[in-house]
$ cat model.pdb   # PDB, C-alpha atoms and all ligand atoms
ATOM      1  CA  MET X   1     137.898  57.229  66.357
ATOM      2  CA  LYS X   2     136.369  60.611  65.571
ATOM      3  CA  VAL X   3     135.109  63.078  68.209
ATOM      4  CA  ARG X   4     131.481  62.371  67.267
ATOM      5  CA  GLN X   5     131.895  58.596  67.576
ATOM      6  CA  LEU X   6     133.620  58.893  70.951
ATOM      7  CA  LEU X   7     130.823  61.049  72.345
ATOM      8  CA  GLN X   8     128.160  58.700  71.029
ATOM      9  CA  LYS X   9     129.613  55.630  72.808
ATOM     10  CA  PRO X  10     127.114  54.421  75.433
ATOM     11  CA  SER X  11     128.128  55.481  78.935
ATOM     12  CA  ARG X  12     126.608  56.029  82.370
ATOM     13  CA  ALA X  13     128.244  59.476  82.423
ATOM     14  CA  SER X  14     126.093  62.288  80.997
ATOM     15  CA  LEU X  15     126.808  63.656  77.514
ATOM     16  CA  ARG X  16     127.818  66.933  79.125
ATOM     17  CA  ASP X  17     130.386  65.212  81.357
ATOM     18  CA  ARG X  18     131.729  63.220  78.401
ATOM     19  CA  ALA X  19     132.071  66.380  76.316
ATOM     20  CA  LEU X  20     133.756  68.260  79.153
ATOM     21  CA  LEU X  21     136.213  65.409  79.695
ATOM     22  CA  LEU X  22     137.047  65.002  76.020
ATOM     23  CA  ALA X  23     137.470  68.753  75.550
ATOM     24  CA  HIS X  24     139.766  68.824  78.584
ATOM     25  CA  LEU X  25     141.927  65.998  77.181
ATOM     26  CA  LEU X  26     142.076  67.680  73.765
ATOM     27  CA  GLY X  27     143.033  70.980  75.417
ATOM     28  CA  THR X  28     140.011  72.846  74.114
ATOM     29  CA  ASP X  29     136.740  74.328  75.373
ATOM     30  CA  HIS X  30     133.741  71.952  75.293
ATOM     31  CA  LYS X  31     131.762  74.522  73.274
ATOM     32  CA  GLU X  32     134.355  74.132  70.502
ATOM     33  CA  LEU X  33     133.788  70.353  70.251
ATOM     34  CA  TYR X  34     130.704  70.947  68.127
ATOM     35  CA  PHE X  35     132.952  72.322  65.391
ATOM     36  CA  MET X  36     135.392  69.428  65.785
ATOM     37  CA  GLU X  37     132.954  66.513  65.432
ATOM     38  CA  GLY X  38     134.794  65.078  62.432
ATOM     39  CA  LEU X  39     138.253  65.361  63.997
ATOM     40  CA  GLU X  40     140.204  62.131  64.457
ATOM     41  CA  VAL X  41     141.115  61.763  68.146
ATOM     42  CA  PRO X  42     144.740  60.647  68.712
ATOM     43  CA  PRO X  43     144.837  57.042  70.074
ATOM     44  CA  GLU X  44     146.581  58.080  73.323
ATOM     45  CA  VAL X  45     143.799  60.650  74.012
ATOM     46  CA  GLU X  46     141.146  58.053  73.190
ATOM     47  CA  GLU X  47     142.741  55.565  75.571
ATOM     48  CA  ARG X  48     142.901  58.182  78.339
ATOM     49  CA  PHE X  49     139.319  59.256  77.662
ATOM     50  CA  PHE X  50     137.976  55.758  78.361
ATOM     51  CA  ARG X  51     140.252  55.300  81.367
ATOM     52  CA  GLU X  52     139.204  58.623  82.966
ATOM     53  CA  LEU X  53     135.544  58.190  82.006
ATOM     54  CA  SER X  54     135.212  55.144  84.247
ATOM     55  CA  ARG X  55     135.663  57.415  87.294
ATOM     56  CA  PRO X  56     132.640  59.745  86.801
ATOM     57  CA  GLU X  57     130.732  56.601  85.762
ATOM     58  CA  GLU X  58     131.461  55.291  89.277
ATOM     59  CA  GLY X  59     130.352  58.586  90.830
ATOM     60  CA  TYR X  60     133.719  60.347  91.227
ATOM     61  CA  PRO X  61     133.170  64.094  90.596
ATOM     62  CA  LEU X  62     134.221  65.073  87.095
ATOM     63  CA  GLN X  63     135.290  68.449  88.497
ATOM     64  CA  TYR X  64     138.146  66.823  90.407
ATOM     65  CA  ILE X  65     139.332  65.000  87.278
ATOM     66  CA  LEU X  66     139.294  68.230  85.268
ATOM     67  CA  GLY X  67     141.023  70.025  88.161
ATOM     68  CA  GLU X  68     138.988  73.170  87.557
ATOM     69  CA  TRP X  69     135.390  74.355  87.404
ATOM     70  CA  ASP X  70     133.537  77.482  86.369
ATOM     71  CA  PHE X  71     131.937  79.812  88.875
ATOM     72  CA  TYR X  72     130.445  83.232  88.208
ATOM     73  CA  GLY X  73     132.041  83.450  84.764
ATOM     74  CA  MET X  74     135.514  82.568  86.067
ATOM     75  CA  THR X  75     137.420  79.288  86.221
ATOM     76  CA  PHE X  76     138.640  78.013  89.585
ATOM     77  CA  PHE X  77     141.121  75.274  90.461
ATOM     78  CA  VAL X  78     139.389  72.530  92.447
ATOM     79  CA  GLU X  79     140.839  69.690  94.481
ATOM     80  CA  GLU X  80     139.473  66.625  96.269
ATOM     81  CA  GLY X  81     138.502  67.447  99.871
ATOM     82  CA  VAL X  82     137.564  71.056  99.082
ATOM     83  CA  LEU X  83     133.968  71.969  98.205
ATOM     84  CA  ILE X  84     133.278  72.257  94.469
ATOM     85  CA  PRO X  85     131.806  75.731  93.753
ATOM     86  CA  ARG X  86     128.023  75.525  93.334
ATOM     87  CA  PRO X  87     125.625  77.606  91.201
ATOM     88  CA  GLU X  88     123.633  78.496  94.372
ATOM     89  CA  THR X  89     126.695  80.271  95.713
ATOM     90  CA  GLU X  90     126.742  82.454  92.592
ATOM     91  CA  ILE X  91     123.479  83.932  93.907
ATOM     92  CA  LEU X  92     125.277  84.955  97.086
ATOM     93  CA  VAL X  93     128.040  86.665  95.071
ATOM     94  CA  GLU X  94     125.528  88.350  92.777
ATOM     95  CA  GLU X  95     123.432  89.716  95.667
ATOM     96  CA  VAL X  96     126.486  91.008  97.532
ATOM     97  CA  LEU X  97     127.843  92.721  94.405
ATOM     98  CA  LYS X  98     124.498  94.478  93.906
ATOM     99  CA  ARG X  99     124.755  95.962  97.382
ATOM    100  CA  LEU X 100     128.448  96.857  97.689
ATOM    101  CA  PRO X 101     129.166 100.570  97.237
ATOM    102  CA  GLU X 102     131.771 101.198  94.552
ATOM    103  CA  ASP X 103     132.814 104.680  95.602
ATOM    104  CA  LYS X 104     134.803 104.013  98.781
ATOM    105  CA  PRO X 105     137.412 101.528 100.026
ATOM    106  CA  LEU X 106     135.817  98.487 101.693
ATOM    107  CA  LEU X 107     137.185  95.713 103.873
ATOM    108  CA  GLY X 108     135.461  92.325 103.920
ATOM    109  CA  LEU X 109     135.887  89.084 105.826
ATOM    110  CA  GLU X 110     135.045  85.597 104.572
ATOM    111  CA  LEU X 111     134.952  82.660 106.979
ATOM    112  CA  GLY X 112     135.443  79.273 105.274
ATOM    113  CA  VAL X 113     136.902  80.245 101.890
ATOM    114  CA  GLY X 114     137.171  76.716 100.383
ATOM    115  CA  THR X 115     138.342  77.216  96.787
ATOM    116  CA  GLY X 116     138.112  80.969  97.323
ATOM    117  CA  CYS X 117     135.316  81.252  94.771
ATOM    118  CA  ILE X 118     133.345  83.826  96.809
ATOM    119  CA  SER X 119     136.189  86.123  97.873
ATOM    120  CA  VAL X 120     138.063  85.898  94.585
ATOM    121  CA  SER X 121     135.025  86.752  92.480
ATOM    122  CA  LEU X 122     134.004  89.615  94.786
ATOM    123  CA  LEU X 123     137.542  91.002  94.592
ATOM    124  CA  TYR X 124     137.682  90.522  90.833
ATOM    125  CA  TYR X 125     134.480  92.507  90.277
ATOM    126  CA  ARG X 126     135.082  95.169  92.969
ATOM    127  CA  THR X 127     138.495  96.790  92.865
ATOM    128  CA  ASN X 128     137.621  99.018  95.856
ATOM    129  CA  LEU X 129     137.396  95.874  98.019
ATOM    130  CA  ARG X 130     140.053  94.125 100.100
ATOM    131  CA  MET X 131     139.285  90.860 101.908
ATOM    132  CA  LEU X 132     140.532  88.720 104.765
ATOM    133  CA  GLY X 133     139.696  85.055 104.303
ATOM    134  CA  SER X 134     140.029  82.089 106.600
ATOM    135  CA  ASP X 135     139.509  78.371 106.604
ATOM    136  CA  ILE X 136     140.164  75.539 108.999
ATOM    137  CA  SER X 137     141.626  73.514 106.107
ATOM    138  CA  LEU X 138     145.150  74.294 104.923
ATOM    139  CA  ARG X 139     144.420  72.560 101.637
ATOM    140  CA  ALA X 140     141.538  74.987 101.065
ATOM    141  CA  LEU X 141     143.737  77.959 101.883
ATOM    142  CA  ARG X 142     146.421  76.794  99.419
ATOM    143  CA  LEU X 143     143.766  76.433  96.739
ATOM    144  CA  THR X 144     142.318  79.872  97.461
ATOM    145  CA  ARG X 145     145.815  81.336  97.143
ATOM    146  CA  LYS X 146     146.229  79.631  93.721
ATOM    147  CA  ASN X 147     142.845  80.919  92.578
ATOM    148  CA  ALA X 148     143.558  84.442  93.806
ATOM    149  CA  LEU X 149     146.833  84.425  91.858
ATOM    150  CA  ARG X 150     145.092  83.025  88.781
ATOM    151  CA  HIS X 151     142.619  85.913  88.788
ATOM    152  CA  GLY X 152     145.075  88.643  89.759
ATOM    153  CA  VAL X 153     143.562  89.548  93.140
ATOM    154  CA  SER X 154     146.073  87.998  95.567
ATOM    155  CA  ASP X 155     147.434  91.426  96.574
ATOM    156  CA  ARG X 156     143.992  92.300  98.026
ATOM    157  CA  LEU X 157     143.360  88.996  99.827
ATOM    158  CA  LEU X 158     144.959  88.123 103.149
ATOM    159  CA  LEU X 159     144.484  84.512 104.223
ATOM    160  CA  PHE X 160     144.748  82.932 107.636
ATOM    161  CA  ALA X 161     144.049  79.522 109.134
ATOM    162  CA  GLY X 162     141.760  78.870 112.054
ATOM    163  CA  ASP X 163     138.373  78.225 113.562
ATOM    164  CA  LEU X 164     135.907  80.978 112.533
ATOM    165  CA  PHE X 165     136.618  84.243 114.382
ATOM    166  CA  THR X 166     139.085  82.662 116.858
ATOM    167  CA  PRO X 167     142.354  83.876 115.269
ATOM    168  CA  LEU X 168     141.053  87.418 114.722
ATOM    169  CA  LYS X 169     140.884  90.378 117.038
ATOM    170  CA  PRO X 170     137.583  92.283 116.852
ATOM    171  CA  TYR X 171     137.528  94.635 113.878
ATOM    172  CA  PRO X 172     134.671  96.588 112.235
ATOM    173  CA  PHE X 173     134.504  95.044 108.736
ATOM    174  CA  ASP X 174     132.187  96.459 106.068
ATOM    175  CA  LEU X 175     131.198  92.984 104.891
ATOM    176  CA  LEU X 176     131.100  89.530 106.430
ATOM    177  CA  VAL X 177     130.402  86.669 104.075
ATOM    178  CA  SER X 178     130.219  82.919 104.608
ATOM    179  CA  ASN X 179     128.932  79.719 103.091
ATOM    180  CA  PRO X 180     129.550  77.582 106.161
ATOM    181  CA  PRO X 181     129.001  73.827 106.383
ATOM    182  CA  TYR X 182     125.260  73.440 107.015
ATOM    183  CA  ILE X 183     124.250  69.784 106.668
ATOM    184  CA  PRO X 184     123.132  68.018 109.898
ATOM    185  CA  GLU X 185     125.553  65.381 111.178
ATOM    186  CA  ALA X 186     123.055  62.522 110.874
ATOM    187  CA  HIS X 187     122.842  63.072 107.085
ATOM    188  CA  TRP X 188     126.547  62.297 106.516
ATOM    189  CA  GLU X 189     126.111  58.537 106.102
ATOM    190  CA  LYS X 190     123.218  59.078 103.682
ATOM    191  CA  LEU X 191     125.126  61.458 101.404
ATOM    192  CA  PRO X 192     126.328  59.903  98.144
ATOM    193  CA  LYS X 193     130.041  59.034  98.030
ATOM    194  CA  SER X 194     130.416  61.584  95.223
ATOM    195  CA  ILE X 195     129.507  64.352  97.709
ATOM    196  CA  ARG X 196     131.262  62.947 100.788
ATOM    197  CA  ILE X 197     134.506  63.153  98.829
ATOM    198  CA  GLU X 198     134.259  66.952  99.207
ATOM    199  CA  GLY X 199     135.062  66.500 102.895
ATOM    200  CA  TYR X 200     133.244  66.240 106.223
ATOM    201  CA  SER X 201     134.288  69.703 107.386
ATOM    202  CA  SER X 202     133.182  71.228 104.066
ATOM    203  CA  LEU X 203     129.679  69.901 104.565
ATOM    204  CA  ILE X 204     128.665  69.055 108.124
ATOM    205  CA  GLY X 205     127.460  71.920 110.268
ATOM    206  CA  GLY X 206     126.858  70.075 113.561
ATOM    207  CA  VAL X 207     124.057  68.039 115.104
ATOM    208  CA  ARG X 208     121.281  70.366 113.874
ATOM    209  CA  GLY X 209     123.208  71.718 110.885
ATOM    210  CA  TRP X 210     122.884  75.393 111.789
ATOM    211  CA  GLU X 211     125.487  75.573 114.592
ATOM    212  CA  PHE X 212     127.820  77.705 112.439
ATOM    213  CA  TYR X 213     125.121  80.364 112.047
ATOM    214  CA  GLU X 214     124.709  80.462 115.836
ATOM    215  CA  ARG X 215     128.444  81.028 116.213
ATOM    216  CA  LEU X 216     128.414  83.678 113.484
ATOM    217  CA  ALA X 217     125.470  85.456 115.128
ATOM    218  CA  ALA X 218     127.234  85.323 118.507
ATOM    219  CA  GLY X 219     130.414  86.905 117.100
ATOM    220  CA  VAL X 220     129.119  89.265 114.451
ATOM    221  CA  ALA X 221     128.790  92.392 116.621
ATOM    222  CA  ASP X 222     132.573  92.421 117.096
ATOM    223  CA  TYR X 223     133.364  92.015 113.393
ATOM    224  CA  LEU X 224     130.858  94.146 111.505
ATOM    225  CA  LYS X 225     130.526  97.902 111.630
ATOM    226  CA  PRO X 226     127.101  99.563 112.038
ATOM    227  CA  GLY X 227     125.665  99.721 108.516
ATOM    228  CA  GLY X 228     127.744  96.656 107.560
ATOM    229  CA  LEU X 229     126.370  93.706 105.615
ATOM    230  CA  ILE X 230     126.470  90.007 106.528
ATOM    231  CA  ALA X 231     125.741  87.618 103.648
ATOM    232  CA  LEU X 232     125.270  83.900 104.237
ATOM    233  CA  GLU X 233     124.407  80.910 102.134
ATOM    234  CA  ILE X 234     121.969  78.619 103.964
ATOM    235  CA  GLY X 235     120.430  75.166 103.606
ATOM    236  CA  HIS X 236     117.042  75.125 101.865
ATOM    237  CA  ASP X 237     115.109  74.731 105.144
ATOM    238  CA  GLN X 238     117.181  77.023 107.372
ATOM    239  CA  GLY X 239     115.785  80.437 106.365
ATOM    240  CA  GLU X 240     113.551  80.879 109.369
ATOM    241  CA  VAL X 241     116.139  79.818 111.950
ATOM    242  CA  VAL X 242     118.933  81.947 110.493
ATOM    243  CA  ARG X 243     116.687  84.965 109.947
ATOM    244  CA  ARG X 244     115.615  84.806 113.612
ATOM    245  CA  LEU X 245     119.225  84.450 114.843
ATOM    246  CA  PHE X 246     120.186  87.739 113.206
ATOM    247  CA  GLU X 247     116.943  89.600 113.883
ATOM    248  CA  GLU X 248     117.504  88.856 117.573
ATOM    249  CA  LYS X 249     120.865  90.628 117.208
ATOM    250  CA  GLY X 250     119.080  93.694 115.850
ATOM    251  CA  PHE X 251     119.839  93.074 112.159
ATOM    252  CA  LYS X 252     117.492  94.006 109.336
ATOM    253  CA  VAL X 253     117.251  90.714 107.461
ATOM    254  CA  GLU X 254     116.342  89.815 103.892
ATOM    255  CA  THR X 255     116.260  86.336 102.300
ATOM    256  CA  ILE X 256     116.870  85.504  98.658
ATOM    257  CA  ARG X 257     115.531  82.402  96.927
ATOM    258  CA  ASP X 258     117.468  80.152  94.543
ATOM    259  CA  TYR X 259     116.464  78.961  91.049
ATOM    260  CA  SER X 260     114.228  76.273  92.533
ATOM    261  CA  GLY X 261     112.396  78.761  94.774
ATOM    262  CA  GLN X 262     114.104  77.718  98.045
ATOM    263  CA  GLU X 263     115.461  80.299 100.477
ATOM    264  CA  ARG X 264     119.212  80.152  99.874
ATOM    265  CA  VAL X 265     120.835  83.413 100.932
ATOM    266  CA  VAL X 266     120.359  85.491 104.074
ATOM    267  CA  LEU X 267     121.429  89.127 103.988
ATOM    268  CA  GLY X 268     121.542  91.118 107.198
ATOM    269  CA  TRP X 269     122.283  94.777 107.799
ATOM    270  CA  ARG X 270     123.666  95.794 111.143
ATOM    271  CA  TYR X 271     122.010  98.924 112.541
TER     272      TYR X 271
HETATM  273  C1  LIG G 301     130.509  74.816 102.476
HETATM  274  S1  LIG G 301     132.245  75.059 102.325
HETATM  275  C2  LIG G 301     132.271  76.608 101.450
HETATM  276  C3  LIG G 301     133.524  76.849 100.662
HETATM  277  C4  LIG G 301     133.463  78.069  99.720
HETATM  278  N1  LIG G 301     133.325  79.292 100.463
HETATM  279  C5  LIG G 301     132.317  77.929  98.727
HETATM  280  O1  LIG G 301     131.317  78.628  98.872
HETATM  281  O2  LIG G 301     132.430  77.106  97.798
HETATM  282  C6  LIG G 301     132.667  75.501 103.978
HETATM  283  C7  LIG G 301     134.129  75.808 104.228
HETATM  284  O3  LIG G 301     134.273  76.134 105.629
HETATM  285  C8  LIG G 301     135.451  75.531 106.118
HETATM  286  N2  LIG G 301     135.293  75.331 107.573
HETATM  287  C9  LIG G 301     134.704  74.300 108.216
HETATM  288  N3  LIG G 301     134.765  74.483 109.538
HETATM  289  C10 LIG G 301     135.397  75.660 109.735
HETATM  290  C11 LIG G 301     135.761  76.401 110.896
HETATM  291  N4  LIG G 301     135.464  75.941 112.114
HETATM  292  N5  LIG G 301     136.410  77.567 110.744
HETATM  293  C12 LIG G 301     136.714  78.033 109.492
HETATM  294  N6  LIG G 301     136.397  77.375 108.367
HETATM  295  C13 LIG G 301     135.747  76.215 108.480
HETATM  296  C14 LIG G 301     135.571  74.239 105.349
HETATM  297  O4  LIG G 301     136.897  73.751 105.362
HETATM  298  C15 LIG G 301     135.073  74.658 103.970
HETATM  299  O5  LIG G 301     136.130  75.084 103.151
END
$ encode --input "model.pdb" --output "structure tokens"
Amino acid sequence: MKVRQLLQKPSRASLRDRALLLAHLLGTDHKELYFMEGLEVPPEVEERFFRELSRPEEGYPLQYILGEWDFYGMTFFVEEGVLIPRPETEILVEEVLKRLPEDKPLLGLELGVGTGCISVSLLYYRTNLRMLGSDISLRALRLTRKNALRHGVSDRLLLFAGDLFTPLKPYPFDLLVSNPPYIPEAHWEKLPKSIRIEGYSSLIGGVRGWEFYERLAAGVADYLKPGGLIALEIGHDQGEVVRRLFEEKGFKVETIRDYSGQERVVLGWRY
């Protein structure tokens, strides 16, 4: 069968997912498929295409089948149980990059690195930056290490395992960044299987959902220098709560909206 015919076969998976999967199996970029429409697909690739396609059709994330996903113009290894990088998080990276000085050495801390997409892209675009990154999941830390090596920034990223600030002694970082789990516990059962597969501790932030922000606000004075920046991704309805948490700590707070107009990033400057 030719590329065009394969892509036209009826399927519950979107055309984009089908193209990404086929391109992956042919070892090419999906944008190139357009030029390859008349190409005859080898039978073993065709057989694998239909076998693999049944998984996204059943709701399994295509990203985990591909084993990698794009984030902020870079490609990251992804793995079941670790959060798949989201476009909303690119806003966080973008806003931090806009505000990071480029003329002096900086030390940042990320709590909950996941795939490492935030720290690795910040390090990639700011060579004056070094980061410490932590996660409670060893699988996430291994993945972050792989992604840091892939993008040539592993010599500026020190990783450690543990629960938020617990393993760290107080230190005045220039930047503290986190996209913590922020979904309320009661929503877990209602989440689609395709999302739950990313892991409970990647997603669930406690009974109210914003418990991690409370813990970050409680600890931040010991881990951010005066003039330092905290940058957090938040749930769409958490802007007010998180803003108040940091204003009460004397931070000057700014919120940034995502593409759908929802508050998605909180930035706070420590006086
Ligand atoms: C929403 S994911 C974000 C991952 C990644 N930073 C991103 O933006 O794609 C939250 C991450 O926090 C980690 N995490 C959950 N509880 C934690 C804790 N108590 N201490 C440190 N990390 C934690 C999870 O394992 C997960 O990797």
$ resolve_selection --input "model.pdb" --expression "the PyMOL selection byres (((chain X and resi 45) around 12) and not hetatm)" --output "ChimeraX atom specification"
/X:1-3,6,21-27,40-44,46-53
$ closest_atom_pairs --input "model.pdb" --of "segment 130-173 of chain X" --to "segment 115-126 of chain X" --cutoff "12 Å" --atoms "all atoms listed in the file" --output "CSV"
residue,atom,partner,partner_atom,distance
X:Arg130,CA,X:Leu123,CA,6.8
X:Met131,CA,X:Ser119,CA,7.0
X:Leu132,CA,X:Ser119,CA,8.6
X:Gly133,CA,X:Ser119,CA,7.4
X:Ser134,CA,X:Gly116,CA,9.5
X:Asp135,CA,X:Gly116,CA,9.7
X:Ser137,CA,X:Thr115,CA,10.6
X:Leu138,CA,X:Thr115,CA,11.0
X:Arg139,CA,X:Thr115,CA,9.1
X:Ala140,CA,X:Thr115,CA,5.8
X:Leu141,CA,X:Thr115,CA,7.5
X:Arg142,CA,X:Thr115,CA,8.5
X:Leu143,CA,X:Thr115,CA,5.5
X:Thr144,CA,X:Gly116,CA,4.3
X:Arg145,CA,X:Gly116,CA,7.7
X:Lys146,CA,X:Thr115,CA,8.8
X:Asn147,CA,X:Gly116,CA,6.7
X:Ala148,CA,X:Val120,CA,5.7
X:Leu149,CA,X:Val120,CA,9.3
X:Arg150,CA,X:Val120,CA,9.6
X:His151,CA,X:Tyr124,CA,7.1
X:Gly152,CA,X:Tyr124,CA,7.7
X:Val153,CA,X:Leu123,CA,6.4
X:Ser154,CA,X:Val120,CA,8.3
X:Asp155,CA,X:Leu123,CA,10.1
X:Arg156,CA,X:Leu123,CA,7.4
X:Leu157,CA,X:Ser119,CA,8.0
X:Leu158,CA,X:Ser119,CA,10.4
X:Leu159,CA,X:Gly116,CA,10.0
$ residues_around --input "model.pdb" --residues "segment 215-232 of chain X" --least-positions-apart "4" --cutoff "7 Å" --atoms "all atoms listed in the file" --output "CSV table (one decimal) with C-alpha atoms, keeping the file's coordinate frame"
chain,number,residue,atom,x,y,z
X,170,PRO,CA,137.6,92.3,116.9
X,171,TYR,CA,137.5,94.6,113.9
X,172,PRO,CA,134.7,96.6,112.2
X,173,PHE,CA,134.5,95.0,108.7
X,174,ASP,CA,132.2,96.5,106.1
X,175,LEU,CA,131.2,93.0,104.9
X,176,LEU,CA,131.1,89.5,106.4
X,177,VAL,CA,130.4,86.7,104.1
X,178,SER,CA,130.2,82.9,104.6
X,179,ASN,CA,128.9,79.7,103.1
X,211,GLU,CA,125.5,75.6,114.6
X,245,LEU,CA,119.2,84.4,114.8
X,246,PHE,CA,120.2,87.7,113.2
X,265,VAL,CA,120.8,83.4,100.9
X,266,VAL,CA,120.4,85.5,104.1
X,267,LEU,CA,121.4,89.1,104.0
X,268,GLY,CA,121.5,91.1,107.2
X,269,TRP,CA,122.3,94.8,107.8
X,270,ARG,CA,123.7,95.8,111.1
X,271,TYR,CA,122.0,98.9,112.5
$ residues_near_ligand --input "model.pdb" --ligand "ligand LIG 301 (chain G)" --cutoff "9 Å" --atoms "only C-alpha atoms and all ligand atoms" --output "JSON, numbers by chain"
{"X": [81, 82, 83, 84, 85, 86, 88, 89, 90, 92, 110, 111, 112, 113, 114, 115, 116, 117, 118, 119, 134, 135, 136, 137, 138, 139, 140, 141, 161, 162, 163, 164, 165, 166, 177, 178, 179, 180, 181, 182, 198, 199, 200, 201, 202, 203, 204, 205, 212, 233]}
$ atom_distance --input "model.pdb" --atom1 "atom CA of Gly239 of chain X" --atom2 "atom CA of Leu191 of chain X"
21.7 Å
$ resolve_selection --input "model.pdb" --expression "the PyMOL selection byres (((chain X and resi 20) around 10) and not hetatm)" --output "number ranges by chain"
X: 14-19, 21-26, 28-31, 33, 62-63, 66
$ write_last_selection --input "model.pdb" --atoms "C-alpha atoms" --output "mmCIF file, in the coordinates of the input"
data_model
loop_
_atom_site.group_PDB
_atom_site.id
_atom_site.type_symbol
_atom_site.label_atom_id
_atom_site.label_comp_id
_atom_site.auth_asym_id
_atom_site.auth_seq_id
_atom_site.Cartn_x
_atom_site.Cartn_y
_atom_site.Cartn_z
ATOM 1 C CA SER X 14 126.093 62.288 80.997
ATOM 2 C CA LEU X 15 126.808 63.656 77.514
ATOM 3 C CA ARG X 16 127.818 66.933 79.125
ATOM 4 C CA ASP X 17 130.386 65.212 81.357
ATOM 5 C CA ARG X 18 131.729 63.220 78.401
ATOM 6 C CA ALA X 19 132.071 66.380 76.316
ATOM 7 C CA LEU X 21 136.213 65.409 79.695
ATOM 8 C CA LEU X 22 137.047 65.002 76.020
ATOM 9 C CA ALA X 23 137.470 68.753 75.550
ATOM 10 C CA HIS X 24 139.766 68.824 78.584
ATOM 11 C CA LEU X 25 141.927 65.998 77.181
ATOM 12 C CA LEU X 26 142.076 67.680 73.765
ATOM 13 C CA THR X 28 140.011 72.846 74.114
ATOM 14 C CA ASP X 29 136.740 74.328 75.373
ATOM 15 C CA HIS X 30 133.741 71.952 75.293
ATOM 16 C CA LYS X 31 131.762 74.522 73.274
ATOM 17 C CA LEU X 33 133.788 70.353 70.251
ATOM 18 C CA LEU X 62 134.221 65.073 87.095
ATOM 19 C CA GLN X 63 135.290 68.449 88.497
ATOM 20 C CA LEU X 66 139.294 68.230 85.268
#
$ closest_residue --input "model.pdb" --among "X:Tyr64, X:Phe71, X:Tyr259, X:Phe251" --to "Ile197 of chain X" --atoms "all atoms listed in the file"
X:Tyr64
$ axis_aligned_box --input "model.pdb" --around "segment 219-238 of chain X" --padding-each-side "4 Å" --output "AutoDock Vina command-line options"
--center_x 124.2 --center_y 87.2 --center_z 109.5 --size_x 26.3 --size_y 33.0 --size_z 23.2
$ atom_distance --input "model.pdb" --atom1 "atom CA of Asp237 of chain X" --atom2 "atom CA of Ser260 of chain X"
12.7 Å
$ atom_distance --input "model.pdb" --atom1 "atom CA of Asp258 of chain X" --atom2 "atom CA of Leu107 of chain X"
26.8 Å
$ resolve_selection --input "model.pdb" --expression "the PyMOL selection byres (((chain X and resi 59) around 10) and not hetatm)" --output "short mmCIF file (atom, residue, chain, number, x, y, z; two decimals) with C-alpha atoms, in the coordinates of the input"
data_model
loop_
_atom_site.label_atom_id
_atom_site.label_comp_id
_atom_site.auth_asym_id
_atom_site.auth_seq_id
_atom_site.Cartn_x
_atom_site.Cartn_y
_atom_site.Cartn_z
CA ARG X 12 126.61 56.03 82.37
CA ALA X 13 128.24 59.48 82.42
CA SER X 54 135.21 55.14 84.25
CA ARG X 55 135.66 57.42 87.29
CA PRO X 56 132.64 59.74 86.80
CA GLU X 57 130.73 56.60 85.76
CA GLU X 58 131.46 55.29 89.28
CA TYR X 60 133.72 60.35 91.23
CA PRO X 61 133.17 64.09 90.60
CA LEU X 62 134.22 65.07 87.10
CA PRO X 192 126.33 59.90 98.14
CA LYS X 193 130.04 59.03 98.03
CA SER X 194 130.42 61.58 95.22
CA ILE X 195 129.51 64.35 97.71
#
$ residues_around --input "model.pdb" --residues "Glu68 of chain X" --least-positions-apart "3" --cutoff "8 Å" --atoms "all atoms listed in the file" --output "JSON, numbers by chain"
{"X": [63, 64, 75, 76, 77, 78, 79]}
$ closest_residue --input "model.pdb" --among "X:Thr255, X:Gly73, X:Glu37, X:Gly261" --to "Glu95 of chain X" --atoms "all atoms listed in the file"
X:Thr255
